[in-house]
$ cat protein-v2.cif   # mmCIF, C-alpha atoms
data_start
#
loop_
_atom_site.group_PDB
_atom_site.id
_atom_site.type_symbol
_atom_site.label_atom_id
_atom_site.label_comp_id
_atom_site.auth_asym_id
_atom_site.auth_seq_id
_atom_site.Cartn_x
_atom_site.Cartn_y
_atom_site.Cartn_z
ATOM 1 C CA MET A 1 2.910 -12.834 -13.726
ATOM 2 C CA ASN A 2 4.422 -11.265 -10.634
ATOM 3 C CA ASN A 3 7.850 -12.639 -9.804
ATOM 4 C CA PHE A 4 8.697 -11.573 -6.297
ATOM 5 C CA LYS A 5 11.160 -14.471 -5.978
ATOM 6 C CA LEU A 6 13.242 -12.966 -8.793
ATOM 7 C CA PHE A 7 13.034 -9.626 -7.006
ATOM 8 C CA LYS A 8 14.380 -11.216 -3.825
ATOM 9 C CA GLN A 9 17.152 -12.897 -5.806
ATOM 10 C CA LYS A 10 18.223 -9.576 -7.345
ATOM 11 C CA VAL A 11 18.146 -7.829 -3.963
ATOM 12 C CA GLU A 12 20.373 -10.499 -2.470
ATOM 13 C CA GLU A 13 22.900 -10.207 -5.311
ATOM 14 C CA TYR A 14 23.811 -6.582 -4.540
ATOM 15 C CA GLN A 15 25.487 -4.916 -1.588
ATOM 16 C CA ASP A 16 24.236 -1.450 -2.611
ATOM 17 C CA ILE A 17 20.585 -0.798 -3.454
ATOM 18 C CA THR A 18 19.209 2.532 -4.643
ATOM 19 C CA ILE A 19 15.456 3.174 -4.607
ATOM 20 C CA PHE A 20 13.781 5.705 -6.900
ATOM 21 C CA ARG A 21 10.214 7.073 -7.230
ATOM 22 C CA HIS A 22 8.431 9.301 -9.709
ATOM 23 C CA THR A 23 8.653 13.096 -9.618
ATOM 24 C CA ASN A 24 5.757 15.228 -8.305
ATOM 25 C CA SER A 25 5.448 12.488 -5.739
ATOM 26 C CA ASP A 26 2.336 11.381 -3.886
ATOM 27 C CA PHE A 27 2.131 9.258 -0.750
ATOM 28 C CA ASP A 28 2.148 6.009 -2.750
ATOM 29 C CA ALA A 29 5.458 7.010 -4.329
ATOM 30 C CA TYR A 30 6.912 7.848 -0.907
ATOM 31 C CA GLY A 31 5.148 4.978 0.845
ATOM 32 C CA SER A 32 6.455 2.323 -1.530
ATOM 33 C CA GLN A 33 9.955 3.826 -1.602
ATOM 34 C CA LEU A 34 10.391 4.319 2.130
ATOM 35 C CA GLY A 35 8.399 1.215 3.007
ATOM 36 C CA LEU A 36 10.758 -0.860 0.857
ATOM 37 C CA LYS A 37 13.785 0.892 2.346
ATOM 38 C CA HIS A 38 12.766 -0.087 5.875
ATOM 39 C CA LEU A 39 11.830 -3.624 4.796
ATOM 40 C CA LEU A 40 15.277 -4.139 3.288
ATOM 41 C CA LYS A 41 17.070 -2.543 6.238
ATOM 42 C CA GLU A 42 15.159 -4.851 8.592
ATOM 43 C CA ASN A 43 15.793 -8.047 6.624
ATOM 44 C CA TYR A 44 19.229 -7.272 5.196
ATOM 45 C CA PRO A 45 20.930 -5.137 7.870
ATOM 46 C CA ASP A 46 24.381 -5.491 6.266
ATOM 47 C CA LYS A 47 23.295 -3.992 2.925
ATOM 48 C CA ASN A 48 23.527 -0.307 2.012
ATOM 49 C CA ILE A 49 20.068 1.036 1.156
ATOM 50 C CA TYR A 50 19.696 4.518 -0.350
ATOM 51 C CA CYS A 51 16.615 6.516 -1.412
ATOM 52 C CA TYR A 52 16.841 9.081 -4.186
ATOM 53 C CA GLY A 53 14.552 12.064 -4.843
ATOM 54 C CA GLU A 54 13.582 15.590 -3.927
ATOM 55 C CA GLN A 55 11.487 16.540 -0.901
ATOM 56 C CA ASP A 56 8.287 17.384 -2.771
ATOM 57 C CA ILE A 57 5.404 16.519 -0.478
ATOM 58 C CA ILE A 58 3.811 17.918 2.659
ATOM 59 C CA ASN A 59 4.257 16.374 6.135
ATOM 60 C CA PRO A 60 8.097 16.385 6.082
ATOM 61 C CA GLU A 61 8.115 15.346 9.757
ATOM 62 C CA PHE A 62 6.606 12.018 8.699
ATOM 63 C CA ILE A 63 8.841 11.500 5.667
ATOM 64 C CA ASP A 64 12.430 10.288 5.955
ATOM 65 C CA ALA A 65 15.149 12.452 4.435
ATOM 66 C CA MET A 66 16.522 11.214 1.124
ATOM 67 C CA GLU A 67 20.106 9.908 1.078
ATOM 68 C CA ASN A 68 20.562 10.898 -2.605
ATOM 69 C CA PRO A 69 23.660 8.744 -3.171
ATOM 70 C CA SER A 70 26.500 9.737 -5.471
ATOM 71 C CA ASP A 71 26.791 8.546 -9.063
ATOM 72 C CA GLU A 72 29.622 6.248 -7.984
ATOM 73 C CA ILE A 73 27.356 4.457 -5.518
ATOM 74 C CA ILE A 74 24.483 4.206 -8.014
ATOM 75 C CA LYS A 75 26.810 2.683 -10.633
ATOM 76 C CA GLN A 76 27.561 -0.311 -8.414
ATOM 77 C CA SER A 77 23.996 -0.763 -7.207
ATOM 78 C CA LEU A 78 20.724 -2.426 -8.067
ATOM 79 C CA SER A 79 18.324 0.429 -8.783
ATOM 80 C CA ILE A 80 14.648 -0.108 -7.948
ATOM 81 C CA VAL A 81 12.071 2.176 -9.571
ATOM 82 C CA LEU A 82 8.679 2.339 -7.858
ATOM 83 C CA ASP A 83 5.230 3.672 -8.789
ATOM 84 C CA THR A 84 6.478 5.005 -12.130
ATOM 85 C CA SER A 85 4.586 4.453 -15.375
ATOM 86 C CA THR A 86 6.876 6.194 -17.874
ATOM 87 C CA ILE A 87 10.601 6.886 -17.998
ATOM 88 C CA ASP A 88 10.104 10.653 -18.211
ATOM 89 C CA ARG A 89 8.669 10.660 -14.683
ATOM 90 C CA VAL A 90 11.861 9.480 -12.982
ATOM 91 C CA THR A 91 15.384 10.837 -12.928
ATOM 92 C CA ASN A 92 17.774 9.255 -15.414
ATOM 93 C CA LYS A 93 20.143 8.557 -12.518
ATOM 94 C CA PHE A 94 18.619 5.103 -12.107
ATOM 95 C CA LYS A 95 20.060 4.123 -15.507
ATOM 96 C CA LEU A 96 23.582 4.384 -14.082
ATOM 97 C CA ALA A 97 23.036 1.254 -12.008
ATOM 98 C CA LYS A 98 24.423 -2.160 -12.959
ATOM 99 C CA GLU A 99 20.881 -3.516 -13.076
ATOM 100 C CA SER A 100 17.394 -2.108 -12.584
ATOM 101 C CA PHE A 101 14.048 -3.435 -11.359
ATOM 102 C CA ARG A 102 10.632 -1.730 -11.615
ATOM 103 C CA ILE A 103 7.521 -2.409 -9.502
ATOM 104 C CA ASP A 104 4.401 -0.556 -10.607
ATOM 105 C CA HIS A 105 0.607 -0.710 -10.778
ATOM 106 C CA HIS A 106 -0.017 1.716 -13.663
ATOM 107 C CA PRO A 107 -1.015 0.517 -17.155
ATOM 108 C CA PHE A 108 2.044 -0.730 -19.058
ATOM 109 C CA THR A 109 3.270 1.771 -21.663
ATOM 110 C CA GLY A 110 6.748 0.395 -22.331
ATOM 111 C CA GLN A 111 9.675 -1.247 -20.561
ATOM 112 C CA VAL A 112 11.613 1.020 -18.211
ATOM 113 C CA CYS A 113 13.923 -1.362 -16.314
ATOM 114 C CA ASP A 114 15.812 -4.607 -16.926
ATOM 115 C CA ASN A 115 13.336 -6.543 -14.793
ATOM 116 C CA GLU A 116 9.738 -5.508 -14.095
ATOM 117 C CA ILE A 117 6.707 -6.414 -12.036
ATOM 118 C CA ILE A 118 3.632 -4.632 -13.407
ATOM 119 C CA ASP A 119 0.261 -5.443 -11.861
ATOM 120 C CA THR A 120 -2.622 -3.153 -12.808
ATOM 121 C CA ASP A 121 -5.005 -5.065 -10.522
ATOM 122 C CA ALA A 122 -3.092 -3.890 -7.458
ATOM 123 C CA SER A 123 -4.396 -0.855 -5.625
ATOM 124 C CA SER A 124 -0.990 0.785 -5.377
ATOM 125 C CA ALA A 125 2.741 0.311 -5.653
ATOM 126 C CA SER A 126 2.784 0.160 -1.860
ATOM 127 C CA GLN A 127 0.519 -2.905 -1.965
ATOM 128 C CA LEU A 128 2.957 -4.608 -4.348
ATOM 129 C CA VAL A 129 5.878 -3.837 -2.022
ATOM 130 C CA LEU A 130 3.851 -5.356 0.808
ATOM 131 C CA GLU A 131 3.126 -8.456 -1.288
ATOM 132 C CA ALA A 132 6.828 -8.795 -2.036
ATOM 133 C CA ALA A 133 7.427 -8.895 1.720
ATOM 134 C CA ILE A 134 4.624 -11.407 2.291
ATOM 135 C CA GLU A 135 5.680 -13.784 -0.503
ATOM 136 C CA ASN A 136 9.354 -13.618 0.474
ATOM 137 C CA GLU A 137 8.531 -13.996 4.171
ATOM 138 C CA TRP A 138 10.325 -10.795 5.082
ATOM 139 C CA SER A 139 9.840 -9.375 8.547
ATOM 140 C CA ILE A 140 7.701 -6.188 8.478
ATOM 141 C CA ASN A 141 8.680 -3.635 11.115
ATOM 142 C CA ILE A 142 6.478 -0.771 12.254
ATOM 143 C CA LYS A 143 8.338 1.894 10.270
ATOM 144 C CA ALA A 144 7.927 -0.034 7.007
ATOM 145 C CA ALA A 145 4.282 -0.751 7.802
ATOM 146 C CA GLN A 146 3.507 2.915 8.427
ATOM 147 C CA PHE A 147 4.818 4.035 5.041
ATOM 148 C CA ILE A 148 3.191 1.158 3.172
ATOM 149 C CA TYR A 149 -0.158 1.812 4.838
ATOM 150 C CA ALA A 150 0.076 5.533 3.994
ATOM 151 C CA GLY A 151 0.652 4.680 0.337
ATOM 152 C CA ILE A 152 -2.227 2.203 0.188
ATOM 153 C CA SER A 153 -4.669 4.426 2.059
ATOM 154 C CA THR A 154 -4.079 7.504 -0.074
ATOM 155 C CA ASP A 155 -4.033 5.711 -3.438
ATOM 156 C CA THR A 156 -7.338 4.005 -2.582
ATOM 157 C CA VAL A 157 -8.818 7.324 -1.344
ATOM 158 C CA LYS A 158 -9.275 5.916 2.159
ATOM 159 C CA MET A 159 -10.329 2.480 0.884
ATOM 160 C CA THR A 160 -13.178 3.744 -1.328
ATOM 161 C CA ILE A 161 -12.219 2.674 -4.878
ATOM 162 C CA GLU A 162 -13.033 -0.528 -6.782
ATOM 163 C CA LYS A 163 -9.550 -1.984 -6.283
ATOM 164 C CA VAL A 164 -10.291 -2.385 -2.577
ATOM 165 C CA ASP A 165 -10.946 -6.125 -2.583
ATOM 166 C CA SER A 166 -10.364 -9.327 -0.620
ATOM 167 C CA ARG A 167 -6.781 -9.456 -1.867
ATOM 168 C CA LEU A 168 -6.045 -6.027 -0.402
ATOM 169 C CA PHE A 169 -7.761 -6.765 2.912
ATOM 170 C CA TYR A 170 -5.755 -9.972 3.232
ATOM 171 C CA ASP A 171 -2.555 -8.000 2.633
ATOM 172 C CA LEU A 172 -3.600 -5.403 5.200
ATOM 173 C CA SER A 173 -4.333 -8.114 7.766
ATOM 174 C CA ILE A 174 -0.689 -9.185 7.474
ATOM 175 C CA LEU A 175 0.537 -5.592 7.595
ATOM 176 C CA LEU A 176 -1.347 -4.824 10.802
ATOM 177 C CA LYS A 177 0.409 -7.668 12.593
ATOM 178 C CA SER A 178 3.449 -5.372 12.677
ATOM 179 C CA GLY A 179 1.813 -3.504 15.551
ATOM 180 C CA MET A 180 1.587 -0.193 13.673
ATOM 181 C CA ASN A 181 -0.801 2.468 14.972
ATOM 182 C CA VAL A 182 -3.315 3.177 12.181
ATOM 183 C CA ASN A 183 -4.655 6.282 13.927
ATOM 184 C CA TYR A 184 -1.163 7.791 14.135
ATOM 185 C CA VAL A 185 -0.554 7.328 10.405
ATOM 186 C CA ASN A 186 -3.997 8.665 9.494
ATOM 187 C CA ARG A 187 -3.402 11.781 11.582
ATOM 188 C CA MET A 188 0.010 12.357 10.027
ATOM 189 C CA VAL A 189 -1.305 11.937 6.485
ATOM 190 C CA TYR A 190 -4.769 13.489 6.621
ATOM 191 C CA ASP A 191 -4.718 16.212 9.268
ATOM 192 C CA GLU A 192 -4.589 19.631 7.623
ATOM 193 C CA ASN A 193 -3.456 23.013 8.915
ATOM 194 C CA LYS A 194 -5.912 25.838 9.479
ATOM 195 C CA GLU A 195 -4.910 27.632 6.260
ATOM 196 C CA LEU A 196 -5.703 24.577 4.155
ATOM 197 C CA PHE A 197 -8.961 23.985 6.029
ATOM 198 C CA VAL A 198 -10.096 27.551 5.271
ATOM 199 C CA ALA A 199 -8.943 27.285 1.656
ATOM 200 C CA ARG A 200 -10.816 24.029 1.069
ATOM 201 C CA ASN A 201 -13.997 25.535 2.485
ATOM 202 C CA TYR A 202 -13.639 28.501 0.113
ATOM 203 C CA LEU A 203 -12.901 26.261 -2.894
ATOM 204 C CA ARG A 204 -15.982 24.115 -2.311
ATOM 205 C CA ASN A 205 -18.033 27.147 -3.227
ATOM 206 C CA GLN A 206 -16.058 27.634 -6.454
ATOM 207 C CA ILE A 207 -16.956 24.224 -7.918
ATOM 208 C CA LYS A 208 -18.932 24.380 -11.177
ATOM 209 C CA PHE A 209 -21.251 21.732 -12.616
ATOM 210 C CA VAL A 210 -22.113 20.694 -16.159
ATOM 211 C CA LYS A 211 -24.560 17.768 -16.164
ATOM 212 C CA ASP A 212 -22.712 14.915 -14.401
ATOM 213 C CA VAL A 213 -19.325 16.673 -14.467
ATOM 214 C CA ALA A 214 -17.841 18.887 -11.751
ATOM 215 C CA TYR A 215 -14.803 21.079 -12.289
ATOM 216 C CA LEU A 216 -12.704 23.465 -10.256
ATOM 217 C CA TYR A 217 -10.203 26.152 -11.280
ATOM 218 C CA ILE A 218 -7.628 27.172 -8.680
ATOM 219 C CA SER A 219 -5.682 30.267 -9.657
ATOM 220 C CA LEU A 220 -2.214 31.232 -8.519
ATOM 221 C CA GLU A 221 -3.752 34.299 -6.900
ATOM 222 C CA GLU A 222 -6.132 32.131 -4.853
ATOM 223 C CA MET A 223 -3.303 29.864 -3.749
ATOM 224 C CA GLU A 224 -1.231 32.830 -2.634
ATOM 225 C CA SER A 225 -4.190 34.465 -0.914
ATOM 226 C CA TYR A 226 -5.059 31.330 1.068
ATOM 227 C CA LYS A 227 -1.406 30.343 1.640
ATOM 228 C CA ILE A 228 -1.585 26.881 0.082
ATOM 229 C CA ASP A 229 1.053 25.287 -2.143
ATOM 230 C CA LEU A 230 0.747 23.323 -5.371
ATOM 231 C CA ASP A 231 0.553 19.916 -3.690
ATOM 232 C CA GLU A 232 -2.164 21.087 -1.323
ATOM 233 C CA ALA A 233 -4.091 22.549 -4.247
ATOM 234 C CA LYS A 234 -3.797 19.268 -6.159
ATOM 235 C CA GLY A 235 -5.280 17.482 -3.168
ATOM 236 C CA CYS A 236 -8.448 19.545 -3.536
ATOM 237 C CA ILE A 237 -9.550 17.209 -6.351
ATOM 238 C CA THR A 238 -11.101 15.159 -3.522
ATOM 239 C CA LEU A 239 -13.590 17.959 -2.801
ATOM 240 C CA MET A 240 -15.641 16.712 -5.759
ATOM 241 C CA SER A 241 -15.360 12.959 -5.259
ATOM 242 C CA ASN A 242 -18.519 12.312 -3.242
ATOM 243 C CA ILE A 243 -21.247 14.439 -4.814
ATOM 244 C CA LYS A 244 -24.405 12.559 -5.735
ATOM 245 C CA GLY A 245 -25.046 12.646 -9.473
ATOM 246 C CA ILE A 246 -21.447 13.620 -10.279
ATOM 247 C CA ASN A 247 -19.621 10.815 -12.072
ATOM 248 C CA LYS A 248 -16.595 12.722 -13.462
ATOM 249 C CA TRP A 249 -14.640 15.631 -12.009
ATOM 250 C CA VAL A 250 -11.675 17.753 -13.052
ATOM 251 C CA SER A 251 -9.380 20.298 -11.413
ATOM 252 C CA PHE A 252 -7.206 22.923 -13.128
ATOM 253 C CA ILE A 253 -4.430 24.387 -10.995
ATOM 254 C CA GLU A 254 -2.314 27.328 -12.122
ATOM 255 C CA ASP A 255 1.379 27.370 -11.288
ATOM 256 C CA GLU A 256 3.790 30.296 -11.056
ATOM 257 C CA ASP A 257 4.573 30.038 -14.783
ATOM 258 C CA HIS A 258 0.851 30.314 -15.584
ATOM 259 C CA ASN A 259 0.682 26.699 -16.686
ATOM 260 C CA TYR A 260 -2.112 24.423 -15.544
ATOM 261 C CA TYR A 261 -1.903 21.060 -13.832
ATOM 262 C CA VAL A 262 -5.001 19.053 -14.743
ATOM 263 C CA SER A 263 -6.377 16.147 -12.685
ATOM 264 C CA LEU A 264 -9.189 13.960 -14.017
ATOM 265 C CA ARG A 265 -11.266 11.498 -12.000
ATOM 266 C CA SER A 266 -14.220 9.230 -12.729
ATOM 267 C CA HIS A 267 -16.326 6.722 -10.837
ATOM 268 C CA GLN A 268 -16.921 4.356 -13.774
ATOM 269 C CA ILE A 269 -16.219 5.819 -17.240
ATOM 270 C CA PRO A 270 -12.524 5.527 -18.274
ATOM 271 C CA ILE A 271 -10.918 8.960 -18.689
ATOM 272 C CA SER A 272 -7.266 8.058 -19.218
ATOM 273 C CA ASP A 273 -7.668 8.398 -22.997
ATOM 274 C CA VAL A 274 -8.487 12.080 -22.505
ATOM 275 C CA ALA A 275 -5.294 12.574 -20.499
ATOM 276 C CA ILE A 276 -3.220 10.671 -23.060
ATOM 277 C CA LYS A 277 -4.667 12.794 -25.883
ATOM 278 C CA PHE A 278 -3.189 15.883 -24.225
ATOM 279 C CA GLY A 279 0.147 14.379 -23.271
ATOM 280 C CA GLY A 280 -0.793 13.014 -19.868
ATOM 281 C CA GLY A 281 -1.626 9.576 -18.550
ATOM 282 C CA GLY A 282 -2.372 7.506 -15.484
ATOM 283 C CA HIS A 283 -5.054 5.036 -14.470
ATOM 284 C CA LEU A 284 -8.346 4.385 -16.260
ATOM 285 C CA LEU A 285 -10.329 6.325 -13.636
ATOM 286 C CA ALA A 286 -7.640 8.641 -12.273
ATOM 287 C CA SER A 287 -5.334 10.474 -14.640
ATOM 288 C CA GLY A 288 -3.449 13.732 -14.964
ATOM 289 C CA ILE A 289 -1.958 16.201 -17.401
ATOM 290 C CA HIS A 290 0.871 18.485 -16.243
ATOM 291 C CA PRO A 291 1.540 21.075 -17.161
ATOM 292 C CA VAL A 292 -0.655 22.496 -19.883
ATOM 293 C CA THR A 293 0.141 26.007 -21.089
ATOM 294 C CA TYR A 294 -2.799 28.234 -20.363
ATOM 295 C CA LYS A 295 -3.880 30.579 -23.150
ATOM 296 C CA GLN A 296 -6.420 33.275 -22.502
ATOM 297 C CA THR A 297 -9.442 32.882 -24.806
#
$ encode --input "protein-v2.cif" --output "structure tokens"
Amino acid sequence: MNNFKLFKQKVEEYQDITIFRHTNSDFDAYGSQLGLKHLLKENYPDKNIYCYGEQDIINPEFIDAMENPSDEIIKQSLSIVLDTSTIDRVTNKFKLAKESFRIDHHPFTGQVCDNEIIDTDASSASQLVLEAAIENEWSINIKAAQFIYAGISTDTVKMTIEKVDSRLFYDLSILLKSGMNVNYVNRMVYDENKELFVARNYLRNQIKFVKDVAYLYISLEEMESYKIDLDEAKGCITLMSNIKGINKWVSFIEDEDHNYYVSLRSHQIPISDVAIKFGGGGHLLASGIHPVTYKQT
């Protein structure tokens, strides 16, 4: 059972709080991390709040810079780990803290922190951060709302997956009372540059079909030719998400070491077991494997 009251208690016990997210971050990782940062800064202005991580996502003008506190600061802090299913997906720095707390929506695979809130029915880690604010009656400012909304919107693929339910819409109704501009956030998150627009149009024509499965290979040469980076290439998995008759889709993206990042998606049939079999993981209908060494056959 979720225990947001315990979370509030732990937050109030510490002067220094360090917030971590998983590597190869998506907008839910950033949204939950930065959304929580601004929630805590709003409601506990005398506390020191630090975010830790590398800048590894597009739209840097929308994303706050990371404070990346020193080991000495982390050692006296409460570390909060967000949107992270396994310990290998987050820096070990969080272990330096006096106490740790994890909030996540991925299937449970083992304890990571001293205290944990794991809710696989939630749409995203950002939704859980929002629910922490609602249950603890924290004030939600516009900056926090923008990041939380970005995380929810992207992890639900613009509110199109099964986990979009009455619970989520209730949470969003509270979030929107902050006065945030939904159009502004959508433009910041979803608008693409001309190079990516051209690349996505080209890649649509490279999609292959086998019965009810679609798949797409994106080579390093294609990425260099169309001037798109690894994160932008990963985002092209959405090109196959709304094709009638296609119930499962996969992308293979080559990196500079000639390894492949694999993303698997499904409308109904669980595919996480396939990812786990090859060393990956994730949600039942949205999983990944990265990287897989590519061998010419």
$ resolve_selection --input "protein-v2.cif" --expression "the PyMOL selection byres ((chain A and resi 123) around 10)" --output "list in words"
Asp28, His105, His106, Asp119, Thr120, Asp121, Ala122, Ser124, Ala125, Ser126, Gln127, Leu128, Gly151, Ile152, Ser153, Asp155, Thr156, Met159, Ile161, Glu162, Lys163, Val164, Asp165, Arg167 and Leu168 of chain A
$ write_last_selection --input "protein-v2.cif" --atoms "C-alpha atoms" --output "PDB file, in the coordinates of the input"
ATOM      1  CA  ASP A  28       2.148   6.009  -2.750  1.00  0.00           C
ATOM      2  CA  HIS A 105       0.607  -0.710 -10.778  1.00  0.00           C
ATOM      3  CA  HIS A 106      -0.017   1.716 -13.663  1.00  0.00           C
ATOM      4  CA  ASP A 119       0.261  -5.443 -11.861  1.00  0.00           C
ATOM      5  CA  THR A 120      -2.622  -3.153 -12.808  1.00  0.00           C
ATOM      6  CA  ASP A 121      -5.005  -5.065 -10.522  1.00  0.00           C
ATOM      7  CA  ALA A 122      -3.092  -3.890  -7.458  1.00  0.00           C
ATOM      8  CA  SER A 124      -0.990   0.785  -5.377  1.00  0.00           C
ATOM      9  CA  ALA A 125       2.741   0.311  -5.653  1.00  0.00           C
ATOM     10  CA  SER A 126       2.784   0.160  -1.860  1.00  0.00           C
ATOM     11  CA  GLN A 127       0.519  -2.905  -1.965  1.00  0.00           C
ATOM     12  CA  LEU A 128       2.957  -4.608  -4.348  1.00  0.00           C
ATOM     13  CA  GLY A 151       0.652   4.680   0.337  1.00  0.00           C
ATOM     14  CA  ILE A 152      -2.227   2.203   0.188  1.00  0.00           C
ATOM     15  CA  SER A 153      -4.669   4.426   2.059  1.00  0.00           C
ATOM     16  CA  ASP A 155      -4.033   5.711  -3.438  1.00  0.00           C
ATOM     17  CA  THR A 156      -7.338   4.005  -2.582  1.00  0.00           C
ATOM     18  CA  MET A 159     -10.329   2.480   0.884  1.00  0.00           C
ATOM     19  CA  ILE A 161     -12.219   2.674  -4.878  1.00  0.00           C
ATOM     20  CA  GLU A 162     -13.033  -0.528  -6.782  1.00  0.00           C
ATOM     21  CA  LYS A 163      -9.550  -1.984  -6.283  1.00  0.00           C
ATOM     22  CA  VAL A 164     -10.291  -2.385  -2.577  1.00  0.00           C
ATOM     23  CA  ASP A 165     -10.946  -6.125  -2.583  1.00  0.00           C
ATOM     24  CA  ARG A 167      -6.781  -9.456  -1.867  1.00  0.00           C
ATOM     25  CA  LEU A 168      -6.045  -6.027  -0.402  1.00  0.00           C
TER      26      LEU A 168
END
$ closest_residue --input "protein-v2.cif" --among "A:Val210, A:Ile140, A:Ile237, A:Ile148" --to "Asn43 of chain A" --atoms "only C-alpha atoms"
A:Ile140
$ residues_near_point --input "protein-v2.cif" --point "(2.4, 19.3, -19.7)" --cutoff "10 Å" --atoms "only C-alpha atoms" --output "short mmCIF file (atom, residue, chain, number, x, y, z; two decimals) with C-alpha atoms, in the frame of the given file"
data_model
loop_
_atom_site.label_atom_id
_atom_site.label_comp_id
_atom_site.auth_asym_id
_atom_site.auth_seq_id
_atom_site.Cartn_x
_atom_site.Cartn_y
_atom_site.Cartn_z
CA ASN A 259 0.68 26.70 -16.69
CA TYR A 260 -2.11 24.42 -15.54
CA TYR A 261 -1.90 21.06 -13.83
CA VAL A 262 -5.00 19.05 -14.74
CA PHE A 278 -3.19 15.88 -24.22
CA GLY A 279 0.15 14.38 -23.27
CA GLY A 280 -0.79 13.01 -19.87
CA GLY A 288 -3.45 13.73 -14.96
CA ILE A 289 -1.96 16.20 -17.40
CA HIS A 290 0.87 18.48 -16.24
CA PRO A 291 1.54 21.08 -17.16
CA VAL A 292 -0.66 22.50 -19.88
CA THR A 293 0.14 26.01 -21.09
#
$ resolve_selection --input "protein-v2.cif" --expression "the PyMOL selection byres ((chain A and resi 63) around 10)" --output "list in words"
Phe27, Tyr30, Gly31, Leu34, Gln55, Ile57, Ile58, Asn59, Pro60, Glu61, Phe62, Asp64, Ala65, Met66, Phe147 and Met188 of chain A
$ resolve_selection --input "protein-v2.cif" --expression "the PyMOL selection byres ((chain A and resi 285) around 7)" --output "PyMOL selection string"
chain A and resi 265-272+283-284+286-287
$ closest_residue --input "protein-v2.cif" --among "A:Asn48, A:Thr160, A:Asn201, A:Asn186" --to "Ser241 of chain A" --atoms "all atoms listed in the file"
A:Thr160
$ atom_distance --input "protein-v2.cif" --atom1 "atom CA of Ser219 of chain A" --atom2 "atom CA of Arg21 of chain A"
28.2 Å
$ axis_aligned_box --input "protein-v2.cif" --around "segment 250-269 of chain A" --padding-each-side "5 Å" --output "JSON"
{"center_x": -6.2, "center_y": 17.3, "center_z": -14.0, "size_x": 31.5, "size_y": 36.0, "size_z": 16.4}
$ closest_residue --input "protein-v2.cif" --among "A:Ile134, A:Val213, A:Ile228, A:Ile117" --to "Gly245 of chain A" --atoms "all atoms listed in the file"
A:Val213
$ atom_distance --input "protein-v2.cif" --atom1 "atom CA of Tyr14 of chain A" --atom2 "atom CA of Asp56 of chain A"
28.6 Å
$ closest_residue --input "protein-v2.cif" --among "A:Lys244, A:Ile276, A:Ala144, A:Leu203" --to "Leu176 of chain A" --atoms "all atoms listed in the file"
A:Ala144
$ atom_distance --input "protein-v2.cif" --atom1 "atom CA of Ser32 of chain A" --atom2 "atom CA of Val81 of chain A"
9.8 Å
$ closest_residue --input "protein-v2.cif" --among "A:Gly110, A:Ile174, A:Gln33, A:Asn205" --to "Glu135 of chain A" --atoms "only C-alpha atoms"
A:Ile174
$ residues_around --input "protein-v2.cif" --residues "Lys41 of chain A" --least-positions-apart "3" --cutoff "12 Å" --atoms "only C-alpha atoms" --output "VMD selection string"
chain A and resid 11 15 to 17 34 to 38 44 to 51 138 to 141 143 to 144
$ residues_around --input "protein-v2.cif" --residues "Asp71 of chain A" --least-positions-apart "5" --cutoff "12 Å" --atoms "only C-alpha atoms" --output "PyMOL selection string"
chain A and resi 18+50+52+76-77+79+92-98
